[in-house]
Every structure is written in C-alpha cells, then in structure tokens.
Amino acid sequence: MTTIAVIHDGANHTIIGSDTQITMGNYPSKGDPKWVQYKSWAIGYIGELRAGNILERHASRILAGDTPYEVTEAMRAVFGEHGFRGEPGENDGAPDYQNGWILARADAVWDICYQLSYAPIEANTLWARGSGAKYAIGAGKAFLDLSYLMNRTLIVEKSIQIAALFDLNTGSDNIWVNELNKHENG
C-alpha cells in the first residue's frame, strides 16, 4: 500500500504529501505521488492502483464539484462506468471499494472511507491514510507539539518518513509534499 498525509490550518493553507512507491503484486517500484490535483481540489488515494488510474484520467470530471458530496458522487459514477464498482459490503450491502482517500482544498480537508462516505478532518491535526497511517499520525502528533521548531511542510514530510521506517509498504526514497493556498488555487 502506501501512506498519504495532510495538515490544514483551519483557514487558507493545506499541506498534502505521500510516498511515491507503488506495489504491483509483491514488487515495489517508484511511481508518482498518490495525489491528483484539479483546480482548487486535491485527492490522495491508497489501495487499488486502478482507482488511482481512474482518478488521474478523469480528474476534471470527478473534481469539478463544489462540495465533498458532489466529488464522491462523481467518483461513484465514474468508477461505475469503468467497471470499478466495489465488492458488496458485509453488513449493510453498501459497496466496499477497498480504497481510501483524502480530499483537500486550501480551506478544508475530508477523509473518505472505502464506501465513499466522508467526514471533515479537524484543523491543525495531521491526518493520514494507508498502511503507514498509524505511524504517520503518531509522528505528526509529536511533531505538532514541536511546531514552534518545524513548519507544517516539514511535519508532513517527516511524518511520512517515520511511517516508512516502520511500514515496509511505504517507500522512503522519495517523499512528495505540496502546498494548497487559497490565493493560489482559487
């Protein structure tokens, strides 16, 4: 899998990041960041690479909405058009896409679960998804306590590096970090 992470300041600034390792079967190799950006939106993905491929190819359609609801409904529609419908859920029958996402703008962040439900992420909290998420979240909490020594970009980068130390499926060779700013992204 992978690790994606985010911190948002509660106003107009969000830092996103990921490792760039992809794993096809048991073979890890270098890939691209696990984030797709379009206009003011960015969406990070973990899980099936096919979902990431669909997001990349159809970003202009999926990320055209103004709300997380519109984005997740567009994801459901586009995934369905490409035969990526998810497995029936065990308890409630809702599809399980066996993926996870983080949706971000400069002014807000949402966690999107495997069923395409979403919830807002609290400001000034490092949030992560993927196989190294628990390590990144723990490191992020510790680093945020030292935020007077580290800027948010460095906190995201170092949190993913810590995740890579403990999670074999998070690559450490190339950590990608980017900033979303309200004045730059619309």
# chains A, B, ... in the order shown; residues from 1 in each chain; ligands from 1
>>> select_by_dssp(residues="chain A", states="alpha helix (DSSP H)", output="PDB file with N, CA and C atoms, in the first residue's frame")
ATOM      1  N   LEU A  49      -4.451   0.369  -7.262  1.00  0.00           N
ATOM      2  CA  LEU A  49      -3.856   1.327  -8.198  1.00  0.00           C
ATOM      3  C   LEU A  49      -4.850   1.709  -9.292  1.00  0.00           C
ATOM      4  N   ARG A  50      -5.751   0.798  -9.630  1.00  0.00           N
ATOM      5  CA  ARG A  50      -6.736   1.086 -10.670  1.00  0.00           C
ATOM      6  C   ARG A  50      -7.587   2.304 -10.304  1.00  0.00           C
ATOM      7  N   ALA A  51      -7.951   2.435  -9.032  1.00  0.00           N
ATOM      8  CA  ALA A  51      -8.732   3.596  -8.605  1.00  0.00           C
ATOM      9  C   ALA A  51      -7.935   4.876  -8.838  1.00  0.00           C
ATOM     10  N   GLY A  52      -6.642   4.843  -8.550  1.00  0.00           N
ATOM     11  CA  GLY A  52      -5.785   5.997  -8.804  1.00  0.00           C
ATOM     12  C   GLY A  52      -5.684   6.315 -10.281  1.00  0.00           C
ATOM     13  N   ASN A  53      -5.580   5.270 -11.108  1.00  0.00           N
ATOM     14  CA  ASN A  53      -5.529   5.479 -12.554  1.00  0.00           C
ATOM     15  C   ASN A  53      -6.804   6.150 -13.059  1.00  0.00           C
ATOM     16  N   ILE A  54      -7.952   5.707 -12.560  1.00  0.00           N
ATOM     17  CA  ILE A  54      -9.231   6.304 -12.971  1.00  0.00           C
ATOM     18  C   ILE A  54      -9.310   7.755 -12.496  1.00  0.00           C
ATOM     19  N   LEU A  55      -8.896   8.008 -11.258  1.00  0.00           N
ATOM     20  CA  LEU A  55      -8.899   9.390 -10.747  1.00  0.00           C
ATOM     21  C   LEU A  55      -8.038  10.292 -11.612  1.00  0.00           C
ATOM     22  N   GLU A  56      -6.842   9.828 -11.973  1.00  0.00           N
ATOM     23  CA  GLU A  56      -5.940  10.639 -12.788  1.00  0.00           C
ATOM     24  C   GLU A  56      -6.541  10.943 -14.153  1.00  0.00           C
ATOM     25  N   ARG A  57      -7.133   9.933 -14.791  1.00  0.00           N
ATOM     26  CA  ARG A  57      -7.674  10.121 -16.136  1.00  0.00           C
ATOM     27  C   ARG A  57      -8.917  10.997 -16.160  1.00  0.00           C
ATOM     28  N   ALA A  59      -9.912  13.342 -13.610  1.00  0.00           N
ATOM     29  CA  ALA A  59      -9.878  14.365 -12.567  1.00  0.00           C
ATOM     30  C   ALA A  59     -10.771  15.555 -12.891  1.00  0.00           C
ATOM     31  N   SER A  60     -10.798  15.970 -14.138  1.00  0.00           N
ATOM     32  CA  SER A  60     -11.585  17.148 -14.496  1.00  0.00           C
ATOM     33  C   SER A  60     -13.074  16.917 -14.278  1.00  0.00           C
ATOM     34  N   ARG A  61     -13.504  15.696 -14.352  1.00  0.00           N
ATOM     35  CA  ARG A  61     -14.916  15.378 -14.118  1.00  0.00           C
ATOM     36  C   ARG A  61     -15.185  15.099 -12.634  1.00  0.00           C
ATOM     37  N   ILE A  62     -14.302  14.326 -12.005  1.00  0.00           N
ATOM     38  CA  ILE A  62     -14.504  13.944 -10.611  1.00  0.00           C
ATOM     39  C   ILE A  62     -14.357  15.147  -9.681  1.00  0.00           C
ATOM     40  N   PRO A  68     -17.790  18.083  -1.057  1.00  0.00           N
ATOM     41  CA  PRO A  68     -17.364  16.678  -0.965  1.00  0.00           C
ATOM     42  C   PRO A  68     -18.443  15.712  -1.463  1.00  0.00           C
ATOM     43  N   TYR A  69     -19.704  16.049  -1.219  1.00  0.00           N
ATOM     44  CA  TYR A  69     -20.788  15.196  -1.705  1.00  0.00           C
ATOM     45  C   TYR A  69     -20.738  15.085  -3.229  1.00  0.00           C
ATOM     46  N   GLU A  70     -20.599  16.213  -3.919  1.00  0.00           N
ATOM     47  CA  GLU A  70     -20.543  16.191  -5.382  1.00  0.00           C
ATOM     48  C   GLU A  70     -19.324  15.419  -5.882  1.00  0.00           C
ATOM     49  N   VAL A  71     -18.195  15.548  -5.193  1.00  0.00           N
ATOM     50  CA  VAL A  71     -16.985  14.819  -5.584  1.00  0.00           C
ATOM     51  C   VAL A  71     -17.179  13.321  -5.395  1.00  0.00           C
ATOM     52  N   THR A  72     -17.704  12.894  -4.245  1.00  0.00           N
ATOM     53  CA  THR A  72     -17.867  11.455  -4.007  1.00  0.00           C
ATOM     54  C   THR A  72     -18.927  10.848  -4.928  1.00  0.00           C
ATOM     55  N   GLU A  73     -19.962  11.590  -5.241  1.00  0.00           N
ATOM     56  CA  GLU A  73     -20.964  11.079  -6.186  1.00  0.00           C
ATOM     57  C   GLU A  73     -20.366  10.951  -7.591  1.00  0.00           C
ATOM     58  N   ALA A  74     -19.531  11.903  -7.981  1.00  0.00           N
ATOM     59  CA  ALA A  74     -18.854  11.804  -9.279  1.00  0.00           C
ATOM     60  C   ALA A  74     -17.890  10.622  -9.284  1.00  0.00           C
ATOM     61  N   MET A  75     -17.194  10.384  -8.165  1.00  0.00           N
ATOM     62  CA  MET A  75     -16.310   9.218  -8.073  1.00  0.00           C
ATOM     63  C   MET A  75     -17.107   7.937  -8.282  1.00  0.00           C
ATOM     64  N   ARG A  76     -18.240   7.829  -7.588  1.00  0.00           N
ATOM     65  CA  ARG A  76     -19.083   6.630  -7.690  1.00  0.00           C
ATOM     66  C   ARG A  76     -19.513   6.415  -9.149  1.00  0.00           C
ATOM     67  N   ALA A  77     -19.934   7.485  -9.813  1.00  0.00           N
ATOM     68  CA  ALA A  77     -20.398   7.383 -11.201  1.00  0.00           C
ATOM     69  C   ALA A  77     -19.263   6.990 -12.144  1.00  0.00           C
ATOM     70  N   VAL A  78     -18.134   7.664 -12.048  1.00  0.00           N
ATOM     71  CA  VAL A  78     -17.011   7.385 -12.957  1.00  0.00           C
ATOM     72  C   VAL A  78     -16.441   5.992 -12.687  1.00  0.00           C
ATOM     73  N   PHE A  79     -16.278   5.624 -11.422  1.00  0.00           N
ATOM     74  CA  PHE A  79     -15.801   4.272 -11.118  1.00  0.00           C
ATOM     75  C   PHE A  79     -16.746   3.231 -11.726  1.00  0.00           C
ATOM     76  N   GLY A  80     -18.063   3.438 -11.577  1.00  0.00           N
ATOM     77  CA  GLY A  80     -19.039   2.502 -12.127  1.00  0.00           C
ATOM     78  C   GLY A  80     -18.956   2.383 -13.636  1.00  0.00           C
ATOM     79  N   GLU A  81     -18.754   3.512 -14.304  1.00  0.00           N
ATOM     80  CA  GLU A  81     -18.630   3.498 -15.763  1.00  0.00           C
ATOM     81  C   GLU A  81     -17.431   2.677 -16.233  1.00  0.00           C
ATOM     82  N   ALA A 133      -0.387   4.692   8.047  1.00  0.00           N
ATOM     83  CA  ALA A 133      -1.142   5.810   8.630  1.00  0.00           C
ATOM     84  C   ALA A 133      -0.937   5.952  10.127  1.00  0.00           C
ATOM     85  N   LYS A 134      -0.990   4.856  10.868  1.00  0.00           N
ATOM     86  CA  LYS A 134      -0.884   4.983  12.331  1.00  0.00           C
ATOM     87  C   LYS A 134       0.478   5.531  12.743  1.00  0.00           C
ATOM     88  N   TYR A 135       1.516   5.191  11.996  1.00  0.00           N
ATOM     89  CA  TYR A 135       2.851   5.723  12.306  1.00  0.00           C
ATOM     90  C   TYR A 135       2.943   7.212  11.966  1.00  0.00           C
ATOM     91  N   ALA A 136       2.391   7.576  10.802  1.00  0.00           N
ATOM     92  CA  ALA A 136       2.420   8.983  10.394  1.00  0.00           C
ATOM     93  C   ALA A 136       1.602   9.845  11.347  1.00  0.00           C
ATOM     94  N   ILE A 137       0.426   9.356  11.762  1.00  0.00           N
ATOM     95  CA  ILE A 137      -0.418  10.122  12.680  1.00  0.00           C
ATOM     96  C   ILE A 137       0.278  10.301  14.026  1.00  0.00           C
ATOM     97  N   GLY A 138       0.896   9.241  14.534  1.00  0.00           N
ATOM     98  CA  GLY A 138       1.625   9.344  15.797  1.00  0.00           C
ATOM     99  C   GLY A 138       2.783  10.317  15.710  1.00  0.00           C
ATOM    100  N   ALA A 139       3.549  10.213  14.635  1.00  0.00           N
ATOM    101  CA  ALA A 139       4.675  11.132  14.447  1.00  0.00           C
ATOM    102  C   ALA A 139       4.164  12.559  14.281  1.00  0.00           C
ATOM    103  N   GLY A 140       3.090  12.718  13.514  1.00  0.00           N
ATOM    104  CA  GLY A 140       2.530  14.044  13.296  1.00  0.00           C
ATOM    105  C   GLY A 140       2.086  14.700  14.588  1.00  0.00           C
ATOM    106  N   LYS A 141       1.472  13.921  15.473  1.00  0.00           N
ATOM    107  CA  LYS A 141       1.052  14.470  16.762  1.00  0.00           C
ATOM    108  C   LYS A 141       2.265  14.960  17.553  1.00  0.00           C
ATOM    109  N   ALA A 142       3.309  14.143  17.577  1.00  0.00           N
ATOM    110  CA  ALA A 142       4.524  14.552  18.301  1.00  0.00           C
ATOM    111  C   ALA A 142       5.151  15.787  17.658  1.00  0.00           C
ATOM    112  N   PHE A 143       5.236  15.807  16.331  1.00  0.00           N
ATOM    113  CA  PHE A 143       5.835  16.947  15.640  1.00  0.00           C
ATOM    114  C   PHE A 143       5.004  18.218  15.817  1.00  0.00           C
ATOM    115  N   LEU A 144       3.676  18.089  15.824  1.00  0.00           N
ATOM    116  CA  LEU A 144       2.829  19.269  16.017  1.00  0.00           C
ATOM    117  C   LEU A 144       3.030  19.873  17.399  1.00  0.00           C
ATOM    118  N   ASP A 145       3.350  19.033  18.386  1.00  0.00           N
ATOM    119  CA  ASP A 145       3.675  19.555  19.719  1.00  0.00           C
ATOM    120  C   ASP A 145       4.958  20.383  19.691  1.00  0.00           C
ATOM    121  N   ARG A 152       4.802  23.324   8.866  1.00  0.00           N
ATOM    122  CA  ARG A 152       3.833  22.264   8.519  1.00  0.00           C
ATOM    123  C   ARG A 152       4.316  21.396   7.361  1.00  0.00           C
ATOM    124  N   THR A 153       4.996  21.975   6.412  1.00  0.00           N
ATOM    125  CA  THR A 153       5.519  21.195   5.286  1.00  0.00           C
ATOM    126  C   THR A 153       6.502  20.142   5.786  1.00  0.00           C
ATOM    127  N   LEU A 154       7.394  20.532   6.647  1.00  0.00           N
ATOM    128  CA  LEU A 154       8.372  19.603   7.210  1.00  0.00           C
ATOM    129  C   LEU A 154       7.694  18.549   8.087  1.00  0.00           C
ATOM    130  N   ILE A 155       6.635  18.926   8.795  1.00  0.00           N
ATOM    131  CA  ILE A 155       5.908  17.958   9.629  1.00  0.00           C
ATOM    132  C   ILE A 155       5.287  16.865   8.766  1.00  0.00           C
ATOM    133  N   VAL A 156       4.656  17.229   7.653  1.00  0.00           N
ATOM    134  CA  VAL A 156       4.074  16.221   6.755  1.00  0.00           C
ATOM    135  C   VAL A 156       5.178  15.321   6.199  1.00  0.00           C
ATOM    136  N   GLU A 157       6.251  15.921   5.707  1.00  0.00           N
ATOM    137  CA  GLU A 157       7.355  15.147   5.135  1.00  0.00           C
ATOM    138  C   GLU A 157       7.955  14.181   6.157  1.00  0.00           C
ATOM    139  N   LYS A 158       8.272  14.670   7.336  1.00  0.00           N
ATOM    140  CA  LYS A 158       8.905  13.834   8.362  1.00  0.00           C
ATOM    141  C   LYS A 158       7.949  12.759   8.881  1.00  0.00           C
ATOM    142  N   SER A 159       6.671  13.047   8.951  1.00  0.00           N
ATOM    143  CA  SER A 159       5.688  12.054   9.396  1.00  0.00           C
ATOM    144  C   SER A 159       5.611  10.883   8.418  1.00  0.00           C
ATOM    145  N   ILE A 160       5.672  11.178   7.130  1.00  0.00           N
ATOM    146  CA  ILE A 160       5.667  10.100   6.129  1.00  0.00           C
ATOM    147  C   ILE A 160       6.984   9.320   6.188  1.00  0.00           C
ATOM    148  N   GLN A 161       8.088  10.011   6.407  1.00  0.00           N
ATOM    149  CA  GLN A 161       9.372   9.307   6.560  1.00  0.00           C
ATOM    150  C   GLN A 161       9.358   8.377   7.766  1.00  0.00           C
ATOM    151  N   ILE A 162       8.762   8.809   8.872  1.00  0.00           N
ATOM    152  CA  ILE A 162       8.645   7.938  10.048  1.00  0.00           C
ATOM    153  C   ILE A 162       7.788   6.727   9.704  1.00  0.00           C
ATOM    154  N   ALA A 163       6.684   6.937   8.997  1.00  0.00           N
ATOM    155  CA  ALA A 163       5.837   5.819   8.575  1.00  0.00           C
ATOM    156  C   ALA A 163       6.646   4.813   7.752  1.00  0.00           C
ATOM    157  N   ALA A 164       7.500   5.313   6.872  1.00  0.00           N
ATOM    158  CA  ALA A 164       8.313   4.431   6.022  1.00  0.00           C
ATOM    159  C   ALA A 164       9.307   3.606   6.832  1.00  0.00           C
ATOM    160  N   LEU A 165       9.749   4.124   7.962  1.00  0.00           N
ATOM    161  CA  LEU A 165      10.669   3.365   8.815  1.00  0.00           C
ATOM    162  C   LEU A 165      10.016   2.105   9.386  1.00  0.00           C
ATOM    163  N   PHE A 166       8.716   2.191   9.683  1.00  0.00           N
ATOM    164  CA  PHE A 166       8.021   1.094  10.348  1.00  0.00           C
ATOM    165  C   PHE A 166       7.108   0.286   9.441  1.00  0.00           C
ATOM    166  N   LYS A 182      -5.115  29.217  -0.644  1.00  0.00           N
ATOM    167  CA  LYS A 182      -6.365  29.801  -1.150  1.00  0.00           C
ATOM    168  C   LYS A 182      -6.101  30.814  -2.251  1.00  0.00           C
ATOM    169  N   HIS A 183      -5.140  31.687  -2.078  1.00  0.00           N
ATOM    170  CA  HIS A 183      -4.882  32.726  -3.066  1.00  0.00           C
ATOM    171  C   HIS A 183      -4.271  32.169  -4.362  1.00  0.00           C
ATOM    172  N   GLU A 184      -3.626  30.990  -4.288  1.00  0.00           N
ATOM    173  CA  GLU A 184      -3.011  30.409  -5.477  1.00  0.00           C
ATOM    174  C   GLU A 184      -3.927  29.430  -6.204  1.00  0.00           C
ATOM    175  N   ASN A 185      -4.830  28.760  -5.459  1.00  0.00           N
ATOM    176  CA  ASN A 185      -5.637  27.689  -6.024  1.00  0.00           C
ATOM    177  C   ASN A 185      -7.091  28.088  -6.245  1.00  0.00           C
TER     178      ASN A 185
END
>>> select_by_dssp(residues="range 9-184 of chain A", states="strand (DSSP E)", output="VMD selection string")
chain A and resid 13 to 19 21 to 24 27 to 30 35 to 38 41 to 47 87 to 88 95 to 96 99 to 105 108 to 112 118 to 120 127 to 130 175 to 181
>>> atom_distance(atom1="CA of Tyr148 in chain A", atom2="CA of Asp111 in chain A")
26.6 Å
>>> atom_distance(atom1="CA of Val177 in chain A", atom2="CA of Gln115 in chain A")
26.6 Å
>>> residues_around(residues="range 11-13 of chain A", least_positions_apart="3", cutoff="9 Å", atoms="only C-alpha atoms", output="PDB file with N, CA, C and O atoms, in the first residue's frame")
ATOM      1  N   ILE A   7      -2.146  18.150   6.521  1.00  0.00           N
ATOM      2  CA  ILE A   7      -2.420  19.066   7.629  1.00  0.00           C
ATOM      3  C   ILE A   7      -3.056  20.307   7.024  1.00  0.00           C
ATOM      4  O   ILE A   7      -2.588  20.807   5.997  1.00  0.00           O
ATOM      5  N   HIS A   8      -4.104  20.802   7.679  1.00  0.00           N
ATOM      6  CA  HIS A   8      -4.727  22.046   7.224  1.00  0.00           C
ATOM      7  C   HIS A   8      -4.857  22.980   8.426  1.00  0.00           C
ATOM      8  O   HIS A   8      -5.082  22.546   9.536  1.00  0.00           O
ATOM      9  N   ARG A 105      -8.794  20.872   0.015  1.00  0.00           N
ATOM     10  CA  ARG A 105      -8.714  22.200  -0.590  1.00  0.00           C
ATOM     11  C   ARG A 105      -7.868  23.026   0.362  1.00  0.00           C
ATOM     12  O   ARG A 105      -7.559  22.594   1.463  1.00  0.00           O
ATOM     13  N   ALA A 106      -7.543  24.234  -0.020  1.00  0.00           N
ATOM     14  CA  ALA A 106      -6.753  25.095   0.857  1.00  0.00           C
ATOM     15  C   ALA A 106      -7.482  25.377   2.163  1.00  0.00           C
ATOM     16  O   ALA A 106      -6.863  25.533   3.208  1.00  0.00           O
ATOM     17  N   ASP A 107      -8.828  25.391   2.122  1.00  0.00           N
ATOM     18  CA  ASP A 107      -9.603  25.795   3.297  1.00  0.00           C
ATOM     19  C   ASP A 107     -10.252  24.657   4.076  1.00  0.00           C
ATOM     20  O   ASP A 107     -10.897  24.904   5.101  1.00  0.00           O
ATOM     21  N   ALA A 108     -10.101  23.401   3.656  1.00  0.00           N
ATOM     22  CA  ALA A 108     -10.740  22.289   4.361  1.00  0.00           C
ATOM     23  C   ALA A 108     -10.208  20.950   3.864  1.00  0.00           C
ATOM     24  O   ALA A 108      -9.678  20.856   2.755  1.00  0.00           O
ATOM     25  N   ALA A 123      -8.953  20.841  11.926  1.00  0.00           N
ATOM     26  CA  ALA A 123      -7.808  21.695  11.592  1.00  0.00           C
ATOM     27  C   ALA A 123      -6.671  21.466  12.577  1.00  0.00           C
ATOM     28  O   ALA A 123      -6.884  21.046  13.716  1.00  0.00           O
ATOM     29  N   GLU A 179       1.872  22.284  -1.277  1.00  0.00           N
ATOM     30  CA  GLU A 179       1.036  23.222  -0.515  1.00  0.00           C
ATOM     31  C   GLU A 179      -0.152  23.672  -1.367  1.00  0.00           C
ATOM     32  O   GLU A 179      -0.002  23.950  -2.549  1.00  0.00           O
ATOM     33  N   LEU A 180      -1.318  23.733  -0.724  1.00  0.00           N
ATOM     34  CA  LEU A 180      -2.505  24.310  -1.334  1.00  0.00           C
ATOM     35  C   LEU A 180      -2.779  25.612  -0.612  1.00  0.00           C
ATOM     36  O   LEU A 180      -2.973  25.620   0.596  1.00  0.00           O
ATOM     37  N   ASN A 181      -2.777  26.705  -1.340  1.00  0.00           N
ATOM     38  CA  ASN A 181      -3.027  28.029  -0.767  1.00  0.00           C
ATOM     39  C   ASN A 181      -4.241  28.630  -1.416  1.00  0.00           C
ATOM     40  O   ASN A 181      -4.379  28.589  -2.632  1.00  0.00           O
ATOM     41  N   LYS A 182      -5.115  29.217  -0.644  1.00  0.00           N
ATOM     42  CA  LYS A 182      -6.365  29.801  -1.150  1.00  0.00           C
ATOM     43  C   LYS A 182      -6.101  30.814  -2.251  1.00  0.00           C
ATOM     44  O   LYS A 182      -6.724  30.778  -3.293  1.00  0.00           O
ATOM     45  N   HIS A 183      -5.140  31.687  -2.078  1.00  0.00           N
ATOM     46  CA  HIS A 183      -4.882  32.726  -3.066  1.00  0.00           C
ATOM     47  C   HIS A 183      -4.271  32.169  -4.362  1.00  0.00           C
ATOM     48  O   HIS A 183      -4.419  32.750  -5.405  1.00  0.00           O
TER      49      HIS A 183
END
>>> atom_distance(atom1="CA of Val109 in chain A", atom2="CA of His82 in chain A")
26.7 Å
>>> closest_residue(among="A:Val36, A:Ala119, A:Ile22, A:Met150", to="Gly171 in chain A", atoms="only C-alpha atoms")
A:Ile22
>>> closest_residue(among="A:Ala128, A:Leu116, A:Ala104, A:Ala94", to="Thr2 in chain A", atoms="only C-alpha atoms")
A:Ala128
>>> decode(residues="range 43-54 of chain A", atoms="N, CA and C atoms", output="PDB file, in the first residue's frame")
ATOM      1  N   ILE A  43      -6.906  15.230  -4.328  1.00  0.00           N
ATOM      2  CA  ILE A  43      -7.401  13.993  -3.719  1.00  0.00           C
ATOM      3  C   ILE A  43      -6.257  12.986  -3.689  1.00  0.00           C
ATOM      4  N   GLY A  44      -5.979  12.484  -2.496  1.00  0.00           N
ATOM      5  CA  GLY A  44      -4.953  11.468  -2.314  1.00  0.00           C
ATOM      6  C   GLY A  44      -5.626  10.107  -2.228  1.00  0.00           C
ATOM      7  N   TYR A  45      -4.965   9.071  -2.733  1.00  0.00           N
ATOM      8  CA  TYR A  45      -5.585   7.742  -2.745  1.00  0.00           C
ATOM      9  C   TYR A  45      -4.628   6.682  -2.236  1.00  0.00           C
ATOM     10  N   ILE A  46      -5.221   5.658  -1.616  1.00  0.00           N
ATOM     11  CA  ILE A  46      -4.496   4.466  -1.184  1.00  0.00           C
ATOM     12  C   ILE A  46      -5.326   3.252  -1.608  1.00  0.00           C
ATOM     13  N   GLY A  47      -4.676   2.127  -1.767  1.00  0.00           N
ATOM     14  CA  GLY A  47      -5.397   0.912  -2.138  1.00  0.00           C
ATOM     15  C   GLY A  47      -5.126   0.536  -3.576  1.00  0.00           C
ATOM     16  N   GLU A  48      -6.162   0.080  -4.244  1.00  0.00           N
ATOM     17  CA  GLU A  48      -6.050  -0.392  -5.620  1.00  0.00           C
ATOM     18  C   GLU A  48      -5.495   0.697  -6.539  1.00  0.00           C
ATOM     19  N   LEU A  49      -4.451   0.369  -7.262  1.00  0.00           N
ATOM     20  CA  LEU A  49      -3.856   1.327  -8.198  1.00  0.00           C
ATOM     21  C   LEU A  49      -4.850   1.709  -9.292  1.00  0.00           C
ATOM     22  N   ARG A  50      -5.751   0.798  -9.630  1.00  0.00           N
ATOM     23  CA  ARG A  50      -6.736   1.086 -10.670  1.00  0.00           C
ATOM     24  C   ARG A  50      -7.587   2.304 -10.304  1.00  0.00           C
ATOM     25  N   ALA A  51      -7.951   2.435  -9.032  1.00  0.00           N
ATOM     26  CA  ALA A  51      -8.732   3.596  -8.605  1.00  0.00           C
ATOM     27  C   ALA A  51      -7.935   4.876  -8.838  1.00  0.00           C
ATOM     28  N   GLY A  52      -6.642   4.843  -8.550  1.00  0.00           N
ATOM     29  CA  GLY A  52      -5.785   5.997  -8.804  1.00  0.00           C
ATOM     30  C   GLY A  52      -5.684   6.315 -10.281  1.00  0.00           C
ATOM     31  N   ASN A  53      -5.580   5.270 -11.108  1.00  0.00           N
ATOM     32  CA  ASN A  53      -5.529   5.479 -12.554  1.00  0.00           C
ATOM     33  C   ASN A  53      -6.804   6.150 -13.059  1.00  0.00           C
ATOM     34  N   ILE A  54      -7.952   5.707 -12.560  1.00  0.00           N
ATOM     35  CA  ILE A  54      -9.231   6.304 -12.971  1.00  0.00           C
ATOM     36  C   ILE A  54      -9.310   7.755 -12.496  1.00  0.00           C
TER      37      ILE A  54
END
